[in-house]
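Colleague: Here you go, structure_21.txt (compact mmCIF, C-alpha atoms):
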```txt
# COMPACT_ATOMS: atom_id res chain seq x y z
CA MET A 457 24.08 41.95 -3.00
CA ARG A 458 22.43 39.64 -5.47
CA LEU A 459 20.15 40.05 -8.47
CA ARG A 460 17.10 37.82 -8.42
CA THR A 461 14.69 37.32 -11.30
CA GLU A 462 11.17 36.10 -10.54
CA ASP A 463 9.15 33.66 -12.61
CA ASP A 464 7.14 36.57 -14.03
CA GLY A 465 10.31 38.27 -15.25
CA THR A 466 10.40 41.04 -12.64
CA ALA A 467 13.69 41.55 -10.87
CA MET A 468 14.82 42.59 -7.44
CA LEU A 469 18.12 43.33 -5.84
CA LEU A 470 18.70 41.41 -2.63
CA VAL A 471 20.76 43.35 -0.12
CA PRO A 472 21.40 42.82 3.60
CA GLU A 473 17.98 42.43 5.22
CA GLY A 474 16.20 44.06 2.30
CA ALA A 475 15.04 43.85 -1.28
CA ILE A 476 14.90 46.62 -3.87
CA LYS A 477 12.39 46.30 -6.68
CA LEU A 478 13.99 47.07 -10.03
CA ASN A 479 12.40 48.45 -13.16
CA ALA A 480 13.22 46.67 -16.42
CA SER A 481 16.04 49.01 -17.45
CA ALA A 482 17.76 48.91 -14.04
CA ALA A 483 17.50 45.12 -14.05
CA ALA A 484 19.01 44.94 -17.54
CA ALA A 485 21.90 47.20 -16.51
CA LEU A 486 22.65 45.36 -13.26
CA ALA A 487 22.54 41.99 -14.99
CA LEU A 488 25.62 43.21 -16.86
CA VAL A 489 27.52 44.14 -13.68
CA ASP A 490 29.82 41.17 -13.20
CA GLY A 491 32.94 42.65 -11.62
CA GLN A 492 34.70 42.59 -14.99
CA ARG A 493 32.85 44.85 -17.42
CA THR A 494 33.64 48.55 -17.39
CA VAL A 495 30.93 51.22 -17.35
CA ASP A 496 31.68 51.88 -21.04
CA GLU A 497 31.13 48.21 -21.88
CA ILE A 498 27.87 48.09 -19.93
CA VAL A 499 26.58 51.19 -21.75
CA ALA A 500 27.62 49.77 -25.13
CA ALA A 501 25.92 46.45 -24.40
CA LEU A 502 22.68 48.21 -23.42
CA CYS A 503 22.73 50.36 -26.56
CA ALA A 504 23.23 47.28 -28.70
CA ARG A 505 20.32 45.50 -27.06
CA PHE A 506 17.78 48.26 -26.53
CA ASP A 507 16.50 51.22 -28.51
CA VAL A 508 18.34 53.79 -26.43
CA GLY A 509 20.81 56.55 -27.21
CA GLU A 510 24.37 56.37 -25.86
CA ALA A 511 24.09 59.61 -23.82
CA ARG A 512 20.81 58.59 -22.18
CA ALA A 513 22.08 55.10 -21.40
CA ARG A 514 25.27 56.51 -19.90
CA ASP A 515 23.34 58.97 -17.69
CA ASP A 516 20.99 56.28 -16.43
CA VAL A 517 23.69 53.70 -15.76
CA THR A 518 25.92 56.22 -14.00
CA ALA A 519 23.06 57.44 -11.81
CA LEU A 520 22.10 53.87 -10.88
CA LEU A 521 25.66 52.80 -10.05
CA GLU A 522 26.29 55.98 -8.07
CA ARG A 523 23.24 55.33 -5.92
CA LEU A 524 24.43 51.81 -5.17
CA CYS A 525 27.95 53.05 -4.46
CA MET A 526 26.60 55.63 -2.01
CA ARG A 527 24.98 52.82 -0.10
CA ARG A 528 28.21 50.82 -0.26
CA MET A 529 26.50 48.01 -2.14
CA LEU A 530 28.86 48.39 -5.06
CA VAL A 531 32.47 49.48 -5.37
CA LEU A 532 33.83 51.01 -8.56
CA SER A 533 37.43 50.13 -9.26
CA MET B 1055 -5.95 33.11 0.12
CA THR B 1056 -4.24 36.40 0.27
CA ASP B 1057 -2.80 38.66 -2.39
CA VAL B 1058 0.14 39.73 -0.24
CA ARG B 1059 3.27 37.65 -0.37
CA PRO B 1060 5.82 37.41 2.41
CA LEU B 1061 9.35 38.45 1.49
CA SER B 1062 11.21 37.75 4.69
CA LEU B 1063 11.37 34.99 7.28
CA LEU B 1064 13.14 35.35 10.60
CA CYS B 1065 14.21 32.02 12.09
CA GLU B 1066 14.75 32.50 15.81
CA LEU B 1067 16.79 29.33 16.29
CA THR B 1068 17.14 29.52 20.05
CA TYR B 1069 16.53 31.97 22.87
CA ARG B 1070 19.63 30.75 24.70
CA CYS B 1071 22.27 33.45 24.96
CA ASN B 1072 25.42 33.96 27.01
CA LEU B 1073 24.73 37.69 27.26
CA GLN B 1074 22.21 39.40 29.53
CA CYS B 1075 21.46 42.66 27.73
CA PRO B 1076 18.54 44.39 29.47
CA TYR B 1077 17.31 45.86 26.15
CA CYS B 1078 16.66 42.48 24.52
CA TYR B 1079 13.33 42.33 22.65
CA ASN B 1080 12.92 38.61 23.34
CA PRO B 1081 9.92 37.59 25.46
CA LEU B 1082 10.22 37.43 29.25
CA ASP B 1083 9.23 33.76 29.47
CA LEU B 1084 12.37 32.50 27.71
CA ASP B 1085 12.25 29.21 29.56
CA GLY B 1086 9.00 28.37 27.78
CA TYR B 1087 10.86 28.12 24.45
CA ARG B 1088 13.42 25.45 25.37
CA ASP B 1089 11.73 22.76 23.31
CA GLU B 1090 13.50 23.87 20.11
CA LEU B 1091 12.68 22.74 16.59
CA ASP B 1092 15.05 20.09 15.27
CA THR B 1093 17.21 20.43 12.17
CA ALA B 1094 14.83 18.55 9.88
CA THR B 1095 11.88 20.76 10.85
CA TRP B 1096 13.85 23.95 10.28
CA GLN B 1097 14.93 22.61 6.88
CA ARG B 1098 11.31 21.88 5.99
CA VAL B 1099 10.32 25.40 7.03
CA ILE B 1100 13.13 26.94 4.96
CA GLY B 1101 12.03 24.90 1.93
CA GLU B 1102 8.44 26.04 2.40
CA ALA B 1103 9.63 29.64 2.65
CA ALA B 1104 11.45 29.35 -0.68
CA ASP B 1105 8.36 27.78 -2.26
CA MET B 1106 6.30 30.77 -1.08
CA GLY B 1107 8.64 33.23 -2.79
CA ILE B 1108 10.32 34.46 0.37
CA VAL B 1109 13.69 35.99 -0.60
CA GLN B 1110 15.26 37.04 2.70
CA LEU B 1111 16.10 34.67 5.51
CA GLY B 1112 17.30 35.84 8.91
CA PHE B 1113 18.83 33.62 11.57
CA SER B 1114 18.64 35.13 15.01
CA GLY B 1115 17.78 34.29 18.59
CA GLY B 1116 18.88 34.45 21.37
CA GLU B 1117 22.30 33.66 20.02
CA PRO B 1118 21.91 31.60 16.82
CA THR B 1119 25.54 30.44 16.70
CA LEU B 1120 24.81 28.32 19.79
CA ARG B 1121 22.95 25.98 17.41
CA ARG B 1122 25.47 23.51 15.97
CA ASP B 1123 23.29 23.00 12.89
CA LEU B 1124 23.51 26.67 11.86
CA PRO B 1125 25.80 26.02 8.84
CA THR B 1126 23.52 23.18 7.72
CA LEU B 1127 20.49 25.49 7.84
CA ILE B 1128 22.34 28.27 6.04
CA SER B 1129 23.27 25.95 3.19
CA SER B 1130 19.67 24.73 2.95
CA ALA B 1131 18.61 28.35 2.45
CA ALA B 1132 21.48 29.29 0.14
CA ARG B 1133 20.79 26.29 -2.10
CA ARG B 1134 17.27 27.62 -2.61
CA GLY B 1135 18.57 31.05 -3.61
CA LEU B 1136 17.57 32.85 -0.43
CA TYR B 1137 19.66 35.78 0.77
CA THR B 1138 20.89 34.75 4.21
CA ASN B 1139 21.45 37.04 7.19
CA LEU B 1140 22.92 36.11 10.56
CA ILE B 1141 22.08 38.36 13.49
CA THR B 1142 24.59 37.63 16.21
CA GLN B 1143 26.36 39.18 19.17
CA GLY B 1144 29.55 37.80 17.64
CA THR B 1145 31.32 36.31 20.64
CA PHE B 1146 31.67 32.86 19.01
CA LEU B 1147 32.93 34.02 15.62
CA ASP B 1148 36.46 32.66 15.53
CA ASP B 1149 38.24 32.07 12.21
CA GLY B 1150 37.04 28.48 11.96
CA ARG B 1151 33.42 29.40 12.50
CA ILE B 1152 33.50 32.26 10.01
CA ALA B 1153 35.06 30.00 7.36
CA GLU B 1154 32.34 27.42 8.05
CA LEU B 1155 29.57 30.02 7.67
CA ALA B 1156 31.09 31.44 4.49
CA ALA B 1157 31.41 27.96 3.00
CA ALA B 1158 27.75 27.34 3.82
CA GLY B 1159 26.90 30.37 1.67
CA LEU B 1160 26.13 33.01 4.30
CA ASP B 1161 25.65 36.43 2.65
CA HIS B 1162 25.53 38.87 5.55
CA ILE B 1163 26.33 39.13 9.25
CA GLN B 1164 25.00 41.74 11.63
CA ILE B 1165 27.06 42.06 14.78
CA SER B 1166 25.78 43.99 17.74
CA LEU B 1167 27.94 46.25 19.83
CA GLN B 1168 26.87 47.29 23.33
CA ALA B 1169 29.08 50.38 23.52
CA PRO B 1170 32.41 51.56 22.11
CA GLU B 1171 34.17 51.34 25.48
CA ARG B 1172 35.09 47.97 26.97
CA GLU B 1173 33.99 48.67 30.51
CA LEU B 1174 30.57 50.00 29.56
CA ALA B 1175 29.99 47.33 26.90
CA ASP B 1176 30.76 44.50 29.30
CA GLU B 1177 28.60 46.08 31.97
CA ILE B 1178 25.62 46.29 29.60
CA ALA B 1179 26.12 42.71 28.36
CA GLY B 1180 26.48 41.47 31.92
CA THR B 1181 29.61 39.53 31.00
CA VAL B 1182 33.02 39.97 29.35
CA VAL B 1183 32.39 40.30 25.62
CA HIS B 1184 33.78 43.49 24.16
CA ASP B 1185 37.25 42.40 23.02
CA ARG B 1186 35.85 39.22 21.47
CA LYS B 1187 33.36 41.30 19.51
CA LEU B 1188 36.07 43.59 18.17
CA ASP B 1189 38.04 40.50 17.09
CA ALA B 1190 34.96 39.14 15.37
CA ILE B 1191 34.37 42.40 13.48
CA ALA B 1192 37.96 42.37 12.20
CA ARG B 1193 37.66 38.71 11.16
CA VAL B 1194 34.37 39.14 9.30
CA GLN B 1195 35.83 42.17 7.50
CA LYS B 1196 38.55 39.88 6.16
CA SER B 1197 35.97 37.38 4.87
CA ALA B 1198 33.67 37.60 1.85
CA ILE B 1199 30.62 38.02 4.08
CA ALA B 1200 29.00 41.48 4.15
CA LEU B 1201 28.96 43.08 7.60
CA THR B 1202 26.60 45.47 9.33
CA LEU B 1203 27.45 46.81 12.74
CA ASN B 1204 24.50 47.54 15.00
CA CYS B 1205 24.39 49.40 18.29
CA VAL B 1206 21.20 49.66 20.31
CA LEU B 1207 21.12 53.08 21.93
CA HIS B 1208 19.66 53.80 25.35
CA ARG B 1209 20.23 56.19 28.22
CA ASN B 1210 23.44 54.51 29.41
CA ASN B 1211 25.31 54.49 26.08
CA HIS B 1212 23.66 57.28 24.08
CA ASP B 1213 26.40 59.78 24.90
CA SER B 1214 28.95 57.39 23.33
CA MET B 1215 27.29 57.49 19.93
CA ALA B 1216 30.01 59.56 18.26
CA ALA B 1217 32.60 57.06 19.49
CA VAL B 1218 30.58 54.17 18.00
CA ILE B 1219 30.73 55.93 14.63
CA GLU B 1220 34.51 56.42 14.92
CA LEU B 1221 34.99 52.79 15.87
CA ALA B 1222 32.91 51.59 12.92
CA ALA B 1223 34.82 53.85 10.54
CA ALA B 1224 38.15 52.60 11.90
CA PHE B 1225 37.08 49.04 11.06
CA GLY B 1226 35.99 50.10 7.57
CA VAL B 1227 32.42 48.97 8.26
CA ARG B 1228 30.12 49.58 5.28
CA LYS B 1229 26.86 49.87 7.20
CA LEU B 1230 26.23 51.08 10.72
CA GLU B 1231 22.84 50.99 12.40
CA LEU B 1232 22.35 53.23 15.40
CA ALA B 1233 18.98 52.10 16.63
CA ASN B 1234 17.35 53.68 19.62
CA VAL B 1235 15.90 50.96 21.82
CA GLN B 1236 12.28 50.10 21.07
CA PHE B 1237 10.33 48.88 24.04
CA TYR B 1238 9.36 45.24 23.62
CA GLY B 1239 10.05 42.16 25.74
CA TRP B 1240 12.88 42.70 28.20
CA ALA B 1241 13.33 46.27 26.95
CA TYR B 1242 9.71 47.03 27.87
CA ARG B 1243 10.29 45.61 31.30
CA ASN B 1244 13.40 47.80 31.62
CA ARG B 1245 11.88 50.88 30.03
CA GLY B 1246 12.46 53.17 32.98
CA GLY B 1247 16.13 52.25 33.10
CA LEU B 1248 16.68 52.52 29.34
CA MET B 1249 14.60 55.52 28.25
CA PRO B 1250 16.91 58.16 26.76
CA THR B 1251 16.43 61.80 27.59
CA ARG B 1252 15.00 64.26 25.05
CA GLU B 1253 18.41 65.93 24.92
CA GLN B 1254 20.15 62.64 24.08
CA VAL B 1255 17.73 61.84 21.27
CA ALA B 1256 18.00 65.33 19.76
CA HIS B 1257 21.78 65.39 20.08
CA GLY B 1258 21.96 61.90 18.57
CA LEU B 1259 20.04 63.05 15.53
CA GLN B 1260 22.52 65.89 15.05
CA VAL B 1261 25.53 63.58 15.45
CA ALA B 1262 24.02 61.09 12.98
CA THR B 1263 23.18 63.77 10.43
CA ASP B 1264 26.72 65.16 10.54
CA ALA B 1265 28.26 61.69 10.32
CA LYS B 1266 26.09 60.72 7.35
CA ARG B 1267 27.47 63.71 5.49
CA ARG B 1268 31.04 63.05 6.59
CA PHE B 1269 31.02 59.37 5.67
CA ALA B 1270 28.86 59.59 2.53
CA GLY B 1271 29.91 56.92 0.05
CA GLN B 1272 32.17 55.30 2.63
CA MET B 1273 29.79 54.07 5.32
CA GLU B 1274 25.99 53.99 5.28
CA ILE B 1275 24.67 55.22 8.63
CA VAL B 1276 21.12 54.57 9.74
CA TYR B 1277 19.82 56.36 12.84
CA VAL B 1278 16.51 54.99 14.05
CA LEU B 1279 14.47 57.33 16.23
CA PRO B 1280 12.60 55.83 19.14
CA ASP B 1281 8.83 55.64 18.59
CA TYR B 1282 8.31 57.39 21.92
CA PHE B 1283 9.92 60.53 20.45
CA GLU B 1284 7.98 60.67 17.20
CA ASP B 1285 4.53 61.97 16.33
CA ARG B 1286 3.71 59.45 13.63
CA PRO B 1287 4.01 55.69 14.04
CA LYS B 1288 6.44 53.61 12.03
CA ALA B 1289 5.17 51.22 9.35
CA CYS B 1290 6.01 48.35 11.67
CA MET B 1291 7.12 45.26 9.67
CA HIS B 1292 5.80 47.09 6.56
CA GLY B 1293 2.33 46.30 7.86
CA TRP B 1294 1.04 43.41 9.93
CA GLY B 1295 1.20 40.12 8.02
CA ARG B 1296 2.22 41.87 4.80
CA ALA B 1297 5.89 41.01 4.31
CA PHE B 1298 7.36 39.33 7.39
CA MET B 1299 7.09 36.06 9.24
CA THR B 1300 8.91 35.02 12.42
CA VAL B 1301 9.25 31.48 13.70
CA ALA B 1302 10.19 31.27 17.39
CA PRO B 1303 12.56 28.54 18.68
CA ASN B 1304 9.64 26.27 19.60
CA GLY B 1305 7.90 26.70 16.23
CA LYS B 1306 5.39 29.36 17.22
CA THR B 1307 4.82 31.45 14.10
CA MET B 1308 4.21 35.17 14.35
CA PRO B 1309 3.93 38.28 12.16
CA CYS B 1310 6.80 39.88 14.10
CA PRO B 1311 9.30 38.90 16.81
CA GLY B 1312 7.40 40.83 19.48
CA ALA B 1313 3.92 39.50 18.77
CA ALA B 1314 3.98 36.75 21.41
CA ALA B 1315 3.37 39.47 23.99
CA ILE B 1316 -0.13 40.05 22.57
CA SER B 1317 -1.97 37.64 24.82
CA SER B 1318 -5.27 38.14 22.97
CA LEU B 1319 -3.86 36.37 19.87
CA THR B 1320 -3.54 32.64 19.22
CA PHE B 1321 -0.49 31.50 17.27
CA ASP B 1322 -0.10 28.47 15.07
CA ASN B 1323 2.99 26.27 15.14
CA VAL B 1324 5.02 25.01 12.17
CA ARG B 1325 5.14 21.62 13.88
CA GLU B 1326 1.42 21.33 13.12
CA ARG B 1327 0.78 23.46 10.04
CA GLY B 1328 2.67 24.46 6.93
CA LEU B 1329 4.18 27.92 6.66
CA ALA B 1330 2.03 28.89 3.63
CA GLN B 1331 -1.14 27.80 5.41
CA ILE B 1332 -0.19 29.82 8.47
CA TRP B 1333 0.51 32.88 6.32
CA SER B 1334 -2.85 32.80 4.59
CA GLN B 1335 -5.10 31.41 7.33
CA SER B 1336 -3.67 31.78 10.82
CA SER B 1337 -5.82 34.24 12.77
CA ALA B 1338 -2.66 35.72 14.25
CA PHE B 1339 -1.79 36.91 10.73
CA THR B 1340 -5.22 37.78 9.35
CA THR B 1341 -6.61 39.69 12.34
CA TYR B 1342 -4.64 42.90 11.70
CA ARG B 1343 -3.71 42.43 8.05
CA GLY B 1344 -4.73 45.25 5.69
CA THR B 1345 -6.98 48.10 6.82
CA ASP B 1346 -10.38 46.53 7.63
CA TRP B 1347 -9.56 46.07 11.33
CA MET B 1348 -8.62 49.72 11.81
CA PRO B 1349 -10.44 52.00 14.25
CA ASP B 1350 -10.87 55.69 13.60
CA PRO B 1351 -8.93 57.87 12.99
CA CYS B 1352 -6.71 55.26 11.19
CA ARG B 1353 -9.60 53.99 9.07
CA SER B 1354 -10.06 57.32 7.30
CA CYS B 1355 -6.42 58.48 7.53
CA GLU B 1356 -4.60 59.21 4.30
CA ARG B 1357 -1.54 57.49 5.78
CA ARG B 1358 -3.36 54.20 6.48
CA GLU B 1359 -1.52 52.40 3.69
CA ILE B 1360 1.76 54.12 4.52
CA ASP B 1361 2.14 53.26 8.20
CA TRP B 1362 -0.50 50.47 8.26
CA GLY B 1363 -1.64 51.68 11.66
CA GLY B 1364 1.79 51.48 13.30
CA CYS B 1365 2.67 48.76 15.77
CA ARG B 1366 0.12 46.34 17.25
CA CYS B 1367 2.52 45.19 19.97
CA GLN B 1368 3.00 48.78 21.11
CA ALA B 1369 -0.76 49.42 21.09
CA PHE B 1370 -1.28 46.31 23.23
CA ALA B 1371 1.58 47.09 25.62
CA LEU B 1372 0.43 50.66 26.26
CA THR B 1373 -3.37 50.36 26.11
CA GLY B 1374 -4.14 46.66 26.64
CA ASN B 1375 -5.93 46.60 23.27
CA ALA B 1376 -3.98 45.38 20.23
CA ALA B 1377 -6.61 46.92 17.90
CA ALA B 1378 -6.16 50.41 19.34
CA VAL B 1379 -4.50 53.24 17.44
CA ASP B 1380 -0.74 53.08 18.02
CA PRO B 1381 -0.24 55.61 20.86
CA ALA B 1382 2.94 56.79 19.11
CA CYS B 1383 0.63 58.60 16.67
CA ALA B 1384 -0.28 62.17 17.64
CA LEU B 1385 -3.82 61.43 16.41
CA SER B 1386 -4.25 58.57 18.89
CA PRO B 1387 -6.65 59.25 21.79
CA ASP B 1388 -3.94 57.62 23.94
CA HIS B 1389 -1.05 59.77 22.71
CA ASP B 1390 -0.88 61.41 26.14
CA ILE B 1391 0.67 58.15 27.41
CA ILE B 1392 3.60 58.66 25.02
CA LEU B 1393 3.88 62.36 25.83
CA ALA B 1394 4.03 61.63 29.54
CA LEU B 1395 6.69 58.94 29.07
CA ARG B 1396 8.72 61.23 26.84
CA GLU B 1397 8.73 63.95 29.49
CA THR B 1398 9.14 62.03 32.70
CA GLY B 1399 10.25 58.74 31.17
CA ASP B 1400 9.29 57.05 34.42
CA ARG B 1401 13.08 56.99 34.63
CA HIS B 1402 14.85 55.00 37.33
CA PRO B 1403 18.31 53.46 37.54
CA THR B 1404 17.35 49.78 37.90
CA LEU B 1405 17.92 47.33 35.06
CA VAL B 1406 16.88 43.66 35.18
CA PRO B 1407 19.36 41.50 33.24
CA ARG B 1408 17.88 39.16 30.61
CA ARG B 1409 17.85 35.66 32.05
CA MET B 1410 16.55 32.32 30.78
CA ARG B 1411 14.74 31.68 34.02
CA GLU B 1412 13.24 34.14 36.43
CA VAL B 1413 15.53 34.34 39.40
CA ALA B 1414 13.65 34.67 42.66
CA ALA B 1415 14.87 37.33 45.05
CA PRO B 1416 17.31 35.68 47.45
CA ALA B 1417 15.90 34.93 50.87
CA VAL B 1418 17.00 37.26 53.63
CA GLY B 1419 20.44 36.33 54.88
CA VAL B 1420 21.34 34.25 51.83
CA GLY B 1421 24.08 35.95 49.85
CA ARG B 1422 23.85 33.56 46.90
CA SER B 1423 24.22 35.28 43.57
CA ALA B 1424 22.20 34.08 40.64
CA ILE B 1425 24.11 32.24 37.94
CA PRO B 1426 22.68 32.84 34.52
CA GLU B 1427 21.94 29.80 32.45
CA MET B 1428 23.05 29.31 28.91
```
In structure tokens, write the structure found in this file.
Modeller:
Amino acid sequence: MRLRTEDDGTAMLLVPEGAIKLNASAAAALALVDGQRTVDEIVAALCARFDVGEARARDDVTALLERLCMRRMLVLS
Amino acid sequence: MTDVRPLSLLCELTYRCNLQCPYCYNPLDLDGYRDELDTATWQRVIGEAADMGIVQLGFSGGEPTLRRDLPTLISSAARRGLYTNLITQGTFLDDGRIAELAAAGLDHIQISLQAPERELADEIAGTVVHDRKLDAIARVQKSAIALTLNCVLHRNNHDSMAAVIELAAAFGVRKLELANVQFYGWAYRNRGGLMPTREQVAHGLQVATDAKRRFAGQMEIVYVLPDYFEDRPKACMHGWGRAFMTVAPNGKTMPCPGAAAISSLTFDNVRERGLAQIWSQSSAFTTYRGTDWMPDPCRSCERREIDWGGCRCQAFALTGNAAAVDPACALSPDHDIILALRETGDRHPTLVPRRMREVAAPAVGVGRSAIPEM
């Protein structure tokens, strides 16, 4: 899968034969998924950048990653 | 101009194929598409697609790996940031070819399987293919390219569905599509021989539902019901001329791969017009775009911007009028056609293999068998 940012700033996730429109927070979270960062690091980076609490950020990131894992687009290791 | 933007382009590079699957959705007059676009024209089309904001590019056919310039075209698309998909039957995917495709930047391969058992698979394909396909699946799984396994279901292989799921799981496949045959092109011609029974479709749904639960998080399983067994039409291509474009091997440009069958439409060709111009102006695209063309009851239906009136090709095939309500819809005045086919299926055992050229029935006393052309 691949993250693609349009000229107008909107983002979409390109997956086999499909595209998933992302809201701004999902796009910001997935932009941090690089195969290296841990979930903790992604949450910390989002908290540092946006006005969001740690618990809320963790819930949202976990829910997003779980959905992608269920569709086998992402593997947690 | 139009306010809808295409997201996906399907490049049907060639209609040549070494298989003869009777469920192929390609048009019957395959021989009329032999004058294929050259590499430079395909590259121009891919560039125009990227300029238009298209994000998904599919390479299919026929069998697209028969085109020697496939890696060149993939790299043209990859360089422009397009997500590239190859839809193949897989019989030519040796290690060298897979490495070449990966190096070109290919993102995703969909390999079709005829059946989980060798004998049945080879019988459906009309030639010896099964073992080569299994080899190809194993090879792609070792590469960096994402893999989807696809099996078209019909009356002759439906009962093997559970075995297809086991086979896919054994290969560690991440996505499996179990798609009931939809009746276009050769499949429409072979409808009576392919139509599953009600029991098969219902049992299939149960098998798929169980498997989805069993393999959750391990393998994504998609089970596509046949239109003929549903009461609401599918949002075919996400609406006519709303998201998809297809360019046939000879450059004919269509809203979907089946549209050439609608003889009341005129199609433009990328040899003569640019892709963006065709998208916004070609009558083949504008005629059924949006909701203005809709008859009642679609026009006033609350689902009109959900299913976009269903499938124009199906309406044309079953009623002779591409602007008719899709007969798959229970609200269609022609829904009785679907109900009758669902019950009786017009079922018969004969299947006509997909061939490049119509083969005339042999004259009496001549035992010559037809040799399929590549």
Colleague: Nearest to Arg458 (chain A) among B:Gly1135, B:Gly1180, B:Pro1387, B:Gly1144, with distances taken over all atoms listed in the file: which residue is it?
Modeller: B:Gly1135
Colleague: So that I can check the surroundings of Ala1256 (chain B), please list as a list of chain:residue names every protein, DNA and RNA residue that reaches within 12 Å of it, counting all atoms listed in the file and ignoring chain neighbours fewer than 2 positions away.
Modeller: B:His1212, B:Asp1213, B:Asn1234, B:Pro1250, B:Thr1251, B:Arg1252, B:Glu1253, B:Gln1254, B:Gly1258, B:Leu1259, B:Gln1260, B:Val1261, B:Ala1262, B:Thr1263, B:Tyr1277, B:Val1278, B:Leu1279, B:Pro1280, B:Phe1283, B:Glu1284
Colleague: Considering only C-alpha atoms, extract the chain B residues located within 12 Å of chain A and return them as number ranges by chain.
Modeller: B: 1060-1064, 1104-1113, 1132, 1134-1141, 1160-1164, 1198-1203, 1226-1230, 1266-1267, 1269-1276, 1291-1292, 1297-1298
Colleague: One decimal, in Å: what's the spacing between CA of His1257 (chain B) and CA of Leu1174 (chain B)?
Modeller: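 Calculated distance between CA of His1257 (chain B) and CA of Leu1174 (chain B) is 20.1 Å.
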Colleague: List as a VMD selection string the protein and nucleic acid residues near Thr1404 (chain B), meaning an atom at most 12 Å away when all atoms listed in the file are counted, but skip any in the same chain fewer than 5 places from it.
Modeller: chain B and resid 1076 1209 to 1210 1243 to 1249
Colleague: With all atoms listed in the file as the basis for distance, which of A:Thr494, A:Asn479, A:Thr461, A:Thr466 is at the shortest distance from Leu532 (chain A)?
Modeller: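 For Leu532 (chain A), the nearest of the candidates is A:Thr494.
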Colleague: So what do you get for CA of Ala1156 (chain B) versus CA of Gly491 (chain A), distance-wise?
Modeller: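 That distance, rounded to one decimal, is 19.7 Å.
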Colleague: To one decimal place in Å, what is the distance between CA of Lys1196 (chain B) and CA of Arg1268 (chain B)?
Modeller: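 Going from CA of Lys1196 (chain B) over to CA of Arg1268 (chain B), I get 24.4 Å.
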Colleague: Choose the residue, out of B:Gly1293, B:Thr1119, B:Tyr1077, B:Ala1103, that has the smallest atom-to-atom separation from Ala1233 (chain B); count all atoms listed in the file.
Modeller: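 Checking each candidate against Ala1233 (chain B), we get B:Tyr1077 as the closest.
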Colleague: Measuring atom to atom with all atoms listed in the file, identify which of B:Leu1188, B:Val1255, B:Ala1378, B:Ile1100 is nearest to Met1299 (chain B).
Modeller: B:Ile1100
Colleague: Restricting the calculation to all atoms listed in the file: of A:Ile476, A:Gly465, A:Asp515, A:Ala484, which residue gets closest to Ala501 (chain A)?
Modeller: A:Ala484
